[in-house]
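Printed here is work-v1.pdb (PDB, C-alpha atoms):
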```pdb
ATOM      1  CA  MET A  22       6.394 -99.811  70.569
ATOM      2  CA  LYS A  23       6.421 -97.940  67.257
ATOM      3  CA  PRO A  24       6.257 -94.104  67.145
ATOM      4  CA  GLN A  25       2.729 -94.180  65.674
ATOM      5  CA  HIS A  26       1.595 -96.344  68.582
ATOM      6  CA  LEU A  27       3.096 -93.893  71.063
ATOM      7  CA  GLN A  28       1.449 -90.940  69.309
ATOM      8  CA  ALA A  29      -1.989 -92.584  69.344
ATOM      9  CA  SER A  30      -1.591 -93.474  73.020
ATOM     10  CA  ALA A  31      -0.475 -89.940  73.872
ATOM     11  CA  ALA A  32      -3.439 -88.403  72.027
ATOM     12  CA  ALA A  33      -5.868 -90.633  73.930
ATOM     13  CA  ALA A  34      -4.172 -89.858  77.252
ATOM     14  CA  ILE A  35      -4.425 -86.101  76.618
ATOM     15  CA  LEU A  36      -8.133 -86.355  75.803
ATOM     16  CA  VAL A  37      -8.743 -88.441  78.919
ATOM     17  CA  ALA A  38      -6.991 -85.818  81.057
ATOM     18  CA  LEU A  39      -9.136 -83.042  79.564
ATOM     19  CA  LEU A  40     -12.359 -84.971  80.138
ATOM     20  CA  GLN A  41     -11.452 -86.064  83.669
ATOM     21  CA  ALA A  42     -12.477 -82.734  85.211
ATOM     22  CA  ALA A  43     -15.764 -82.707  83.310
ATOM     23  CA  CYS A  44     -16.769 -86.103  84.663
ATOM     24  CA  ILE A  45     -15.957 -85.685  88.347
ATOM     25  CA  ALA A  46     -19.637 -85.407  89.167
ATOM     26  CA  GLY A  47     -22.907 -86.235  87.497
ATOM     27  CA  SER A  48     -26.450 -84.914  87.574
ATOM     28  CA  THR A  49     -27.185 -87.746  90.005
ATOM     29  CA  LYS A  50     -25.172 -87.433  93.193
ATOM     30  CA  PRO A  51     -25.018 -89.952  96.072
ATOM     31  CA  VAL A  52     -25.881 -88.274  99.362
ATOM     32  CA  THR A  53     -25.454 -89.967 102.753
ATOM     33  CA  VAL A  54     -27.630 -88.913 105.682
ATOM     34  CA  GLU A  55     -27.728 -90.107 109.296
ATOM     35  CA  MET A  56     -31.254 -91.231 110.212
ATOM     36  CA  LYS A  57     -32.690 -91.989 113.661
ATOM     37  CA  TRP A  58     -35.089 -94.806 114.513
ATOM     38  CA  ARG A  59     -38.526 -93.993 115.936
ATOM     39  CA  PRO A  60     -40.529 -97.136 116.790
ATOM     40  CA  ALA A  61     -44.304 -97.185 116.529
ATOM     41  CA  ALA A  62     -46.214 -96.714 119.763
ATOM     42  CA  VAL A  63     -48.395 -99.723 118.865
ATOM     43  CA  GLN A  64     -47.029-102.606 116.804
ATOM     44  CA  GLY A  65     -49.048-103.195 113.658
ATOM     45  CA  PRO A  66     -48.611-102.909 109.883
ATOM     46  CA  TRP A  67     -46.497 -99.809 110.557
ATOM     47  CA  ARG A  68     -43.530-100.673 112.796
ATOM     48  CA  GLY A  69     -41.838 -97.279 112.960
ATOM     49  CA  SER A  70     -39.816 -94.902 110.846
ATOM     50  CA  LEU A  71     -36.298 -93.725 110.165
ATOM     51  CA  TYR A  72     -36.108 -89.956 110.093
ATOM     52  CA  PHE A  73     -33.855 -86.927 109.999
ATOM     53  CA  GLU A  74     -34.702 -83.264 110.431
ATOM     54  CA  LYS A  75     -33.794 -80.333 108.232
ATOM     55  CA  GLY A  76     -35.108 -77.121 109.724
ATOM     56  CA  GLN A  77     -38.886 -77.419 110.065
ATOM     57  CA  ILE A  78     -38.899 -80.384 107.659
ATOM     58  CA  THR A  79     -38.849 -84.001 108.855
ATOM     59  CA  CYS A  80     -37.846 -86.557 106.223
ATOM     60  CA  SER A  81     -38.684 -90.173 106.941
ATOM     61  CA  LEU A  82     -38.809 -93.753 105.680
ATOM     62  CA  ASP A  83     -41.744 -95.799 107.006
ATOM     63  CA  ILE A  84     -40.846 -99.371 107.972
ATOM     64  CA  HIS A  85     -43.449-102.125 107.647
ATOM     65  CA  THR A  86     -41.622-105.480 107.809
ATOM     66  CA  GLU A  87     -40.214-107.308 110.823
ATOM     67  CA  ALA A  88     -36.928-108.089 109.057
ATOM     68  CA  SER A  89     -36.281-104.409 108.315
ATOM     69  CA  GLN A  90     -37.205-103.443 111.885
ATOM     70  CA  LYS A  91     -34.819-105.983 113.407
ATOM     71  CA  TYR A  92     -31.970-104.868 111.159
ATOM     72  CA  ILE A  93     -32.472-101.198 112.030
ATOM     73  CA  GLU A  94     -32.729-101.953 115.754
ATOM     74  CA  SER A  95     -29.392-103.799 115.536
ATOM     75  CA  PHE A  96     -27.763-100.337 115.330
ATOM     76  CA  GLY A  97     -28.989 -99.611 118.846
ATOM     77  CA  SER A  98     -29.078 -95.912 119.645
ATOM     78  CA  ALA A  99     -26.565 -95.079 116.900
ATOM     79  CA  PRO A 100     -27.882 -93.321 113.768
ATOM     80  CA  VAL A 101     -28.270 -95.411 110.623
ATOM     81  CA  PRO A 102     -26.290 -94.251 107.542
ATOM     82  CA  VAL A 103     -28.626 -94.100 104.546
ATOM     83  CA  VAL A 104     -27.554 -93.354 100.967
ATOM     84  CA  PHE A 105     -29.818 -91.681  98.402
ATOM     85  CA  ASP A 106     -29.221 -90.981  94.720
ATOM     86  CA  VAL A 107     -30.307 -87.338  94.492
ATOM     87  CA  VAL A 108     -31.079 -85.917  91.054
ATOM     88  CA  PHE A 109     -30.329 -82.217  90.632
ATOM     89  CA  ALA A 110     -31.931 -79.926  88.083
ATOM     90  CA  LYS A 111     -29.836 -77.714  85.829
ATOM     91  CA  GLY A 112     -29.972 -74.869  88.369
ATOM     92  CA  GLY A 113     -28.671 -77.121  91.143
ATOM     93  CA  LYS A 114     -32.026 -77.733  92.864
ATOM     94  CA  PRO A 115     -32.673 -81.299  94.120
ATOM     95  CA  VAL A 116     -35.759 -82.706  92.414
ATOM     96  CA  THR A 117     -35.931 -86.441  93.139
ATOM     97  CA  ALA A 118     -34.232 -88.933  95.433
ATOM     98  CA  GLU A 119     -33.979 -92.715  95.241
ATOM     99  CA  LEU A 120     -32.916 -94.926  98.128
ATOM    100  CA  VAL A 121     -29.715 -96.804  97.318
ATOM    101  CA  ARG A 122     -28.528 -98.333 100.579
ATOM    102  CA  LEU A 123     -29.603 -98.526 104.215
ATOM    103  CA  GLY A 124     -26.632 -99.417 106.395
ATOM    104  CA  GLU A 125     -25.105-102.418 104.641
ATOM    105  CA  TRP A 126     -28.386-103.383 102.981
ATOM    106  CA  ASP A 127     -29.047-102.581  99.326
ATOM    107  CA  ALA A 128     -32.406-100.908  98.770
ATOM    108  CA  ASP A 129     -33.726-104.064  97.078
ATOM    109  CA  ARG A 130     -33.839-105.820 100.464
ATOM    110  CA  LEU A 131     -36.496-103.382 101.672
ATOM    111  CA  GLY A 132     -40.137-103.502 100.689
ATOM    112  CA  PRO A 133     -41.262-101.178  97.856
ATOM    113  CA  ASN A 134     -43.220 -98.980 100.282
ATOM    114  CA  GLU A 135     -40.206 -98.793 102.631
ATOM    115  CA  ARG A 136     -38.033 -97.069 100.022
ATOM    116  CA  LEU A 137     -40.213 -93.973  99.643
ATOM    117  CA  LEU A 138     -38.960 -90.829 101.338
ATOM    118  CA  GLY A 139     -41.773 -88.874 102.954
ATOM    119  CA  ILE A 140     -41.825 -85.325 104.285
ATOM    120  CA  GLY A 141     -43.515 -83.827 107.329
ATOM    121  CA  HIS A 142     -43.667 -80.218 108.501
ATOM    122  CA  THR A 143     -43.388 -79.014 112.078
ATOM    123  CA  THR A 144     -45.615 -75.997 112.576
ATOM    124  CA  ARG A 145     -44.538 -73.253 114.947
ATOM    125  CA  SER A 146     -46.783 -71.505 117.426
ATOM    126  CA  LEU A 147     -48.775 -68.679 115.849
ATOM    127  CA  LYS A 148     -50.550 -65.756 117.397
ATOM    128  CA  PRO A 149     -54.346 -65.517 117.103
ATOM    129  CA  GLY A 150     -55.297 -64.451 113.602
ATOM    130  CA  GLN A 151     -51.787 -65.152 112.274
ATOM    131  CA  SER A 152     -51.387 -67.565 109.364
ATOM    132  CA  GLU A 153     -48.449 -69.281 107.776
ATOM    133  CA  ARG A 154     -48.047 -70.517 104.238
ATOM    134  CA  MET A 155     -45.233 -72.653 102.927
ATOM    135  CA  THR A 156     -44.526 -74.727  99.846
ATOM    136  CA  ILE A 157     -43.006 -78.166 100.332
ATOM    137  CA  ASN A 158     -40.939 -79.785  97.586
ATOM    138  CA  VAL A 159     -41.086 -83.574  97.934
ATOM    139  CA  PRO A 160     -38.407 -84.822  98.426
ATOM    140  CA  GLY A 161     -36.162 -81.944  97.312
ATOM    141  CA  ASP A 162     -36.486 -80.063 100.612
ATOM    142  CA  CYS A 163     -34.669 -82.914 102.363
ATOM    143  CA  PHE A 164     -31.395 -82.132 100.589
ATOM    144  CA  ASP A 165     -29.213 -79.084 100.073
ATOM    145  CA  PRO A 166     -29.143 -77.561  96.580
ATOM    146  CA  VAL A 167     -25.955 -77.287  94.578
ATOM    147  CA  THR A 168     -24.833 -73.676  94.962
ATOM    148  CA  SER A 169     -21.359 -73.771  93.436
ATOM    149  CA  THR A 170     -21.290 -72.478  89.860
ATOM    150  CA  LEU A 171     -18.392 -74.810  89.102
ATOM    151  CA  GLU A 172     -20.286 -77.844  90.427
ATOM    152  CA  LYS A 173     -23.365 -76.888  88.417
ATOM    153  CA  THR A 174     -21.167 -76.823  85.309
ATOM    154  CA  TYR A 175     -19.858 -80.291  86.180
ATOM    155  CA  PHE A 176     -23.406 -81.605  86.549
ATOM    156  CA  SER A 177     -24.463 -80.396  83.110
ATOM    157  CA  ALA A 178     -21.278 -81.513  81.350
ATOM    158  CA  ALA A 179     -20.578 -84.807  83.070
ATOM    159  CA  ILE A 180     -23.677 -86.624  81.874
ATOM    160  CA  PHE A 181     -23.057 -85.703  78.217
ATOM    161  CA  ALA A 182     -19.255 -85.920  77.977
ATOM    162  CA  PRO A 183     -19.073 -89.771  78.025
ATOM    163  CA  PHE A 184     -21.831 -89.992  75.404
ATOM    164  CA  LEU A 185     -20.101 -87.443  73.134
ATOM    165  CA  LEU A 186     -16.813 -89.302  73.493
ATOM    166  CA  SER A 187     -18.519 -92.632  72.782
ATOM    167  CA  PHE A 188     -20.147 -91.430  69.552
ATOM    168  CA  PHE A 189     -16.876 -89.808  68.477
ATOM    169  CA  ASN A 190     -15.103 -93.144  69.034
ATOM    170  CA  LEU A 191     -17.684 -95.040  66.979
ATOM    171  CA  GLY A 192     -17.323 -92.521  64.158
ATOM    172  CA  LEU A 193     -13.544 -92.887  64.276
ATOM    173  CA  LEU A 194     -13.821 -96.681  64.095
ATOM    174  CA  ALA A 195     -16.245 -96.465  61.150
ATOM    175  CA  LEU A 196     -13.747 -94.203  59.347
ATOM    176  CA  ALA A 197     -10.964 -96.705  60.044
ATOM    177  CA  PHE A 198     -13.054 -99.573  58.612
ATOM    178  CA  PHE A 199     -13.762 -97.538  55.483
ATOM    179  CA  ASN A 200     -10.116 -96.517  55.143
ATOM    180  CA  ARG A 201      -8.952-100.152  55.388
ATOM    181  CA  LYS A 202     -11.258-101.185  52.535
ATOM    182  CA  ARG A 203     -10.101 -98.222  50.434
ATOM    183  CA  GLU A 204      -6.437 -99.127  50.979
ATOM    184  CA  ALA A 205      -7.166-102.696  49.893
ATOM    185  CA  GLY A 206      -8.701-101.403  46.660
ATOM    186  CA  ASP A 207      -5.856 -98.954  45.946
ATOM    187  CA  ALA A 208      -3.052-101.421  46.647
ATOM    188  CA  PRO A 209      -3.795-104.897  45.231
ATOM    189  CA  HIS A 210      -0.483-106.273  46.543
ATOM    190  CA  LEU A 211      -1.625-105.435  50.124
ATOM    191  CA  ARG A 212      -5.061-106.926  49.673
ATOM    192  CA  PRO A 213      -4.291-110.361  51.223
ATOM    193  CA  ARG A 214      -2.762-108.769  54.350
ATOM    194  CA  LEU A 215      -5.549-106.196  54.740
ATOM    195  CA  ALA A 216      -8.219-108.848  54.195
ATOM    196  CA  ALA A 217      -6.810-111.064  56.953
ATOM    197  CA  PRO A 218      -9.044-111.314  60.059
ATOM    198  CA  SER A 219      -6.217-109.998  62.258
ATOM    199  CA  ALA A 220      -6.261-106.694  60.342
ATOM    200  CA  SER A 221      -9.756-105.764  61.486
ATOM    201  CA  LEU A 222      -9.793-107.596  64.838
ATOM    202  CA  PRO A 223      -8.565-104.554  66.864
ATOM    203  CA  LEU A 224     -11.367-102.428  65.402
ATOM    204  CA  TRP A 225     -14.024-105.022  66.223
ATOM    205  CA  LEU A 226     -12.737-105.420  69.778
ATOM    206  CA  ALA A 227     -12.668-101.651  70.332
ATOM    207  CA  ALA A 228     -16.152-101.293  68.841
ATOM    208  CA  GLY A 229     -17.472-104.066  71.084
ATOM    209  CA  SER A 230     -16.132-102.323  74.185
ATOM    210  CA  GLN A 231     -17.589 -98.983  73.130
ATOM    211  CA  VAL A 232     -21.041-100.343  72.240
ATOM    212  CA  LEU A 233     -21.196-102.251  75.534
ATOM    213  CA  TYR A 234     -20.373 -99.046  77.434
ATOM    214  CA  LEU A 235     -23.080 -97.133  75.586
ATOM    215  CA  LEU A 236     -25.572 -99.867  76.483
ATOM    216  CA  MET A 237     -24.639 -99.673  80.161
ATOM    217  CA  ALA A 238     -24.718 -95.854  80.201
ATOM    218  CA  THR A 239     -28.143 -95.812  78.552
ATOM    219  CA  LEU A 240     -29.545 -98.294  81.064
ATOM    220  CA  TRP A 241     -28.180 -96.116  83.886
ATOM    221  CA  LEU A 242     -29.554 -92.926  82.314
ATOM    222  CA  TYR A 243     -33.060 -94.417  82.308
ATOM    223  CA  ARG A 244     -32.473 -95.731  85.864
ATOM    224  CA  LEU A 245     -32.805 -99.375  84.820
ATOM    225  CA  ILE A 246     -29.548-100.251  86.608
ATOM    226  CA  ARG A 247     -27.693 -98.743  89.570
ATOM    227  CA  PHE A 248     -24.012 -98.477  90.338
ATOM    228  CA  SER A 249     -23.888-100.191  93.702
ATOM    229  CA  PRO A 250     -21.503-102.678  95.354
ATOM    230  CA  GLY A 251     -22.412-106.250  94.523
ATOM    231  CA  SER A 252     -24.282-105.446  91.299
ATOM    232  CA  ALA A 253     -23.587-108.555  89.219
ATOM    233  CA  LEU A 254     -24.752-107.028  85.923
ATOM    234  CA  VAL A 255     -22.625-103.884  86.250
ATOM    235  CA  GLY A 256     -19.639-105.935  87.433
ATOM    236  CA  TRP A 257     -19.920-108.256  84.414
ATOM    237  CA  MET A 258     -20.179-105.293  82.013
ATOM    238  CA  VAL A 259     -17.158-103.526  83.511
ATOM    239  CA  PHE A 260     -15.020-106.678  83.437
ATOM    240  CA  THR A 261     -16.018-107.564  79.855
ATOM    241  CA  GLY A 262     -15.483-103.985  78.664
ATOM    242  CA  LEU A 263     -11.994-103.791  80.185
ATOM    243  CA  VAL A 264     -11.038-107.136  78.619
ATOM    244  CA  LEU A 265     -12.214-105.929  75.195
ATOM    245  CA  SER A 266     -10.335-102.613  75.544
ATOM    246  CA  VAL A 267      -7.062-104.254  76.608
ATOM    247  CA  SER A 268      -7.380-106.846  73.827
ATOM    248  CA  ALA A 269      -8.007-104.084  71.266
ATOM    249  CA  PHE A 270      -4.866-102.247  72.386
ATOM    250  CA  LEU A 271      -2.628-105.333  72.287
ATOM    251  CA  THR A 272      -3.841-106.504  68.871
ATOM    252  CA  ALA A 273      -3.584-102.954  67.451
ATOM    253  CA  LEU A 274       0.185-102.989  68.096
ATOM    254  CA  ARG A 275       0.509-105.414  65.175
ATOM    255  CA  THR A 276      -1.257-103.139  62.701
ATOM    256  CA  ARG A 277      -0.467 -99.775  61.162
ATOM    257  CA  GLY A 278      -2.106 -96.724  59.660
ATOM    258  CA  LEU A 279      -5.479 -95.296  60.649
ATOM    259  CA  PRO A 280      -6.862 -98.638  61.940
ATOM    260  CA  CYS A 281      -3.938 -98.758  64.363
ATOM    261  CA  TRP A 282      -4.475 -95.173  65.542
ATOM    262  CA  ALA A 283      -8.226 -95.610  65.884
ATOM    263  CA  ALA A 284      -8.036 -98.899  67.800
ATOM    264  CA  ILE A 285      -5.413 -97.608  70.258
ATOM    265  CA  PHE A 286      -7.266 -94.335  70.806
ATOM    266  CA  VAL A 287     -10.608 -96.037  71.428
ATOM    267  CA  ALA A 288      -8.974 -98.711  73.602
ATOM    268  CA  PHE A 289      -7.460 -96.031  75.859
ATOM    269  CA  THR A 290     -10.594 -93.913  76.152
ATOM    270  CA  THR A 291     -12.991 -96.826  76.701
ATOM    271  CA  ALA A 292     -10.682 -98.291  79.347
ATOM    272  CA  TRP A 293     -10.877 -94.925  81.121
ATOM    273  CA  LEU A 294     -14.684 -94.899  80.855
ATOM    274  CA  TRP A 295     -14.836 -98.407  82.303
ATOM    275  CA  GLN A 296     -12.514 -97.306  85.102
ATOM    276  CA  LEU A 297     -14.970 -94.521  86.000
ATOM    277  CA  ALA A 298     -17.808 -97.037  85.987
ATOM    278  CA  ALA A 299     -15.851 -99.345  88.293
ATOM    279  CA  LEU A 300     -15.161 -96.466  90.692
ATOM    280  CA  ALA A 301     -18.844 -95.520  90.668
ATOM    281  CA  THR A 302     -19.828 -98.983  91.910
ATOM    282  CA  ILE A 303     -17.732 -98.562  95.073
ATOM    283  CA  ALA A 304     -18.260 -94.833  95.627
ATOM    284  CA  VAL A 305     -21.934 -95.052  96.574
TER     285      VAL A 305
END
```

Full structure transcribed into C-alpha cells:
Amino acid sequence: MKPQHLQASAAAAILVALLQAACIAGSTKPVTVEMKWRPAAVQGPWRGSLYFEKGQITCSLDIHTEASQKYIESFGSAPVPVVFDVVFAKGGKPVTAELVRLGEWDADRLGPNERLLGIGHTTRSLKPGQSERMTINVPGDCFDPVTSTLEKTYFSAAIFAPFLLSFFNLGLLALAFFNRKREAGDAPHLRPRLAAPSASLPLWLAAGSQVLYLLMATLWLYRLIRFSPGSALVGWMVFTGLVLSVSAFLTALRTRGLPCWAAIFVAFTTAWLWQLAALATIAV
C-alpha cells in the first residue's frame, strides 16, 4: 500500500475513533422491562393485560387476540421480557415509547391496539376532606429519566454526528470529482487516464454507500423503519452499503491524488457507520 493510501486510512481511522464516543447512545434508547400477565376475569374482546408497576403507576398492554394470549401464557408464571424504544427529550425526560418486541415476537405480530402502552394510577387512602392531585405523563412516567449529564450529551450529539459526517463525506467526494476534471484540463497528456471509467469508479462507489446510509438514517429518524432482528430491509441496506464501501476502498488503491484520499476516507467512515447500523439491529 502506498504512503498516501496509509495516510488517508489513518485519517479516517482517527476520525472514527473520535466519533465513536459521541455515537454510543442515541435519543431513542431501547429499554427492556419485565411484565406480568393478568388474565381477564371474563373472556371477551379483552383477554387480559401485561403490566408492570413503577411506584403508584401501573403500565400495561391490553391483549385482545387469542394468538397473543396463548403466546404470553406459554411463559407460565415467569415474567415476559418486553422491549420499548423510548424517546428522551433534550433534558433527559422520557416522552414517548414504542413497542419493539414482546418475548421473541416482533411488535408487528401483535394487533395495533395491543402495542399501545397505557397507564393507571393506584390511589392511596386519604383522610376525610383530604385531596390529592397528580400529573401523569403518558407514557413517560413508566420509564426512568436520563439523569447523567454525560449521557444527556451523548443523546444530543449521537443523532447529529452521523448526519454531519455524511454531509462532510459528500462534500469531500464532490470536491474530488471537481479536482479530477480540473486536473484533466490542466494536463492534456493525463486526460485519457483521468477520463477512464476506473478513475472515477471509487468515488461513485463511495458516494453510493454514503447516499444509501443517509436514506436509511432518514427513514429511521422519521420512524419509518426500525432496527430489529430479522428486518429484511435494514439487513439488505447494511449488506449493500458494506459491499459498496469495501469496493470503493479496493478500487481507490489503484488511483492517486485527492480522488484516492477522498474515496479511502469515505470508504472507511461509511463502513464504520454501517457497522453501527448492523450492531443496532442485534442490540434491541

Practice prompt. Pull out every residue that the PyMOL selection byres ((chain A and resi 239-248) around 12) matches in the shown coordinates and put them as a ChimeraX atom specification.
Written response: /A:47-51,105-106,108,118-122,127-129,180-181,183-184,187,232-238,249-256,258-259,297-305

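Across the chains present, the PyMOL selection byres ((chain A and resi 69) around 12) applied to this file returns A:Lys57, A:Trp58, A:Arg59, A:Pro60, A:Ala61, A:Ala62, A:Val63, A:Gln64, A:Gly65, A:Pro66, A:Trp67, A:Arg68, A:Ser70, A:Leu71, A:Tyr72, A:Ser81, A:Leu82, A:Asp83, A:Ile84, A:His85, A:Thr86, A:Glu87, A:Ser89, A:Gln90, A:Lys91, A:Ile93, A:Glu94, A:Glu135.
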
Discussion item. Would you pick out the contacts of Ala273 in chain A at 7 Å or less, using all atoms listed in the file, so that residues sharing its chain but fewer than 5 positions from it are not included, and give the list as a list in words?
Written reply: Pro223, Cys281, Ala284 and Ile285 of chain A

Worksheet item: Which value, in Å to one decimal, gives the distance between CA of Phe289 in chain A and CA of Trp225 in chain A?
Response: 14.7 Å

Item to complete: Name the residues in contact with Ala288 in chain A at a cut-off of 8 Å, using all atoms listed in the file, excluding same-chain residues fewer than 2 positions from it; report them as a VMD selection string.
Response: chain A and resid 227 266 to 267 269 to 270 284 to 286 290 to 292

Worksheet item: What is the CA of Gly278 in chain A-CA of Leu294 in chain A distance in Å, reported with one decimal?
Response: 24.7 Å

Worksheet entry | Point-to-point distance from CA of Gly124 in chain A to CA of Val103 in chain A, Å rounded to tenths |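 These atoms are spaced 6.0 Å apart.
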
Missing atoms in range 78-100 of chain A: fill them in up to N, CA and C atoms and send the result as a compact mmCIF listing (two decimals), in the coordinates of the input.
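The file below, result.txt, is the result:
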```
# COMPACT_ATOMS: atom_id res chain seq x y z
N ILE A 78 -38.53 -79.22 108.47
CA ILE A 78 -38.90 -80.38 107.66
C ILE A 78 -38.38 -81.66 108.33
N THR A 79 -39.24 -82.67 108.39
CA THR A 79 -38.85 -84.00 108.86
C THR A 79 -38.98 -84.97 107.68
N CYS A 80 -37.88 -85.61 107.35
CA CYS A 80 -37.85 -86.56 106.22
C CYS A 80 -37.76 -87.97 106.79
N SER A 81 -38.59 -88.86 106.29
CA SER A 81 -38.68 -90.17 106.94
C SER A 81 -38.92 -91.30 105.94
N LEU A 82 -38.52 -92.50 106.38
CA LEU A 82 -38.81 -93.75 105.68
C LEU A 82 -39.67 -94.60 106.61
N ASP A 83 -40.86 -94.96 106.19
CA ASP A 83 -41.74 -95.80 107.01
C ASP A 83 -41.36 -97.27 106.84
N ILE A 84 -41.25 -97.97 107.95
CA ILE A 84 -40.85 -99.37 107.97
C ILE A 84 -42.05 -100.24 108.30
N HIS A 85 -42.25 -101.29 107.51
CA HIS A 85 -43.45 -102.12 107.65
C HIS A 85 -43.15 -103.60 107.89
N THR A 86 -41.91 -104.05 107.68
CA THR A 86 -41.62 -105.48 107.81
C THR A 86 -40.78 -105.74 109.05
N GLU A 87 -40.95 -106.94 109.61
CA GLU A 87 -40.21 -107.31 110.82
C GLU A 87 -38.72 -107.42 110.56
N ALA A 88 -38.35 -107.94 109.38
CA ALA A 88 -36.93 -108.09 109.06
C ALA A 88 -36.24 -106.72 109.01
N SER A 89 -36.87 -105.75 108.39
CA SER A 89 -36.28 -104.41 108.32
C SER A 89 -36.18 -103.80 109.71
N GLN A 90 -37.21 -103.99 110.53
CA GLN A 90 -37.20 -103.44 111.88
C GLN A 90 -36.06 -104.03 112.71
N LYS A 91 -35.89 -105.34 112.64
CA LYS A 91 -34.82 -105.98 113.41
C LYS A 91 -33.44 -105.51 112.96
N TYR A 92 -33.28 -105.33 111.64
CA TYR A 92 -31.97 -104.87 111.16
C TYR A 92 -31.68 -103.45 111.66
N ILE A 93 -32.68 -102.58 111.58
CA ILE A 93 -32.47 -101.20 112.03
C ILE A 93 -32.21 -101.15 113.53
N GLU A 94 -32.92 -101.95 114.31
CA GLU A 94 -32.73 -101.95 115.75
C GLU A 94 -31.39 -102.54 116.16
N SER A 95 -30.73 -103.27 115.22
CA SER A 95 -29.39 -103.80 115.54
C SER A 95 -28.35 -102.69 115.66
N PHE A 96 -28.67 -101.48 115.19
CA PHE A 96 -27.76 -100.34 115.33
C PHE A 96 -27.84 -99.73 116.74
N GLY A 97 -28.83 -100.17 117.52
CA GLY A 97 -28.99 -99.61 118.85
C GLY A 97 -29.40 -98.15 118.78
N SER A 98 -28.76 -97.34 119.62
CA SER A 98 -29.08 -95.91 119.64
C SER A 98 -28.29 -95.12 118.60
N ALA A 99 -27.39 -95.78 117.90
CA ALA A 99 -26.56 -95.08 116.90
C ALA A 99 -27.41 -94.76 115.67
N PRO A 100 -27.15 -93.63 115.00
CA PRO A 100 -27.88 -93.32 113.77
C PRO A 100 -27.53 -94.30 112.66
```
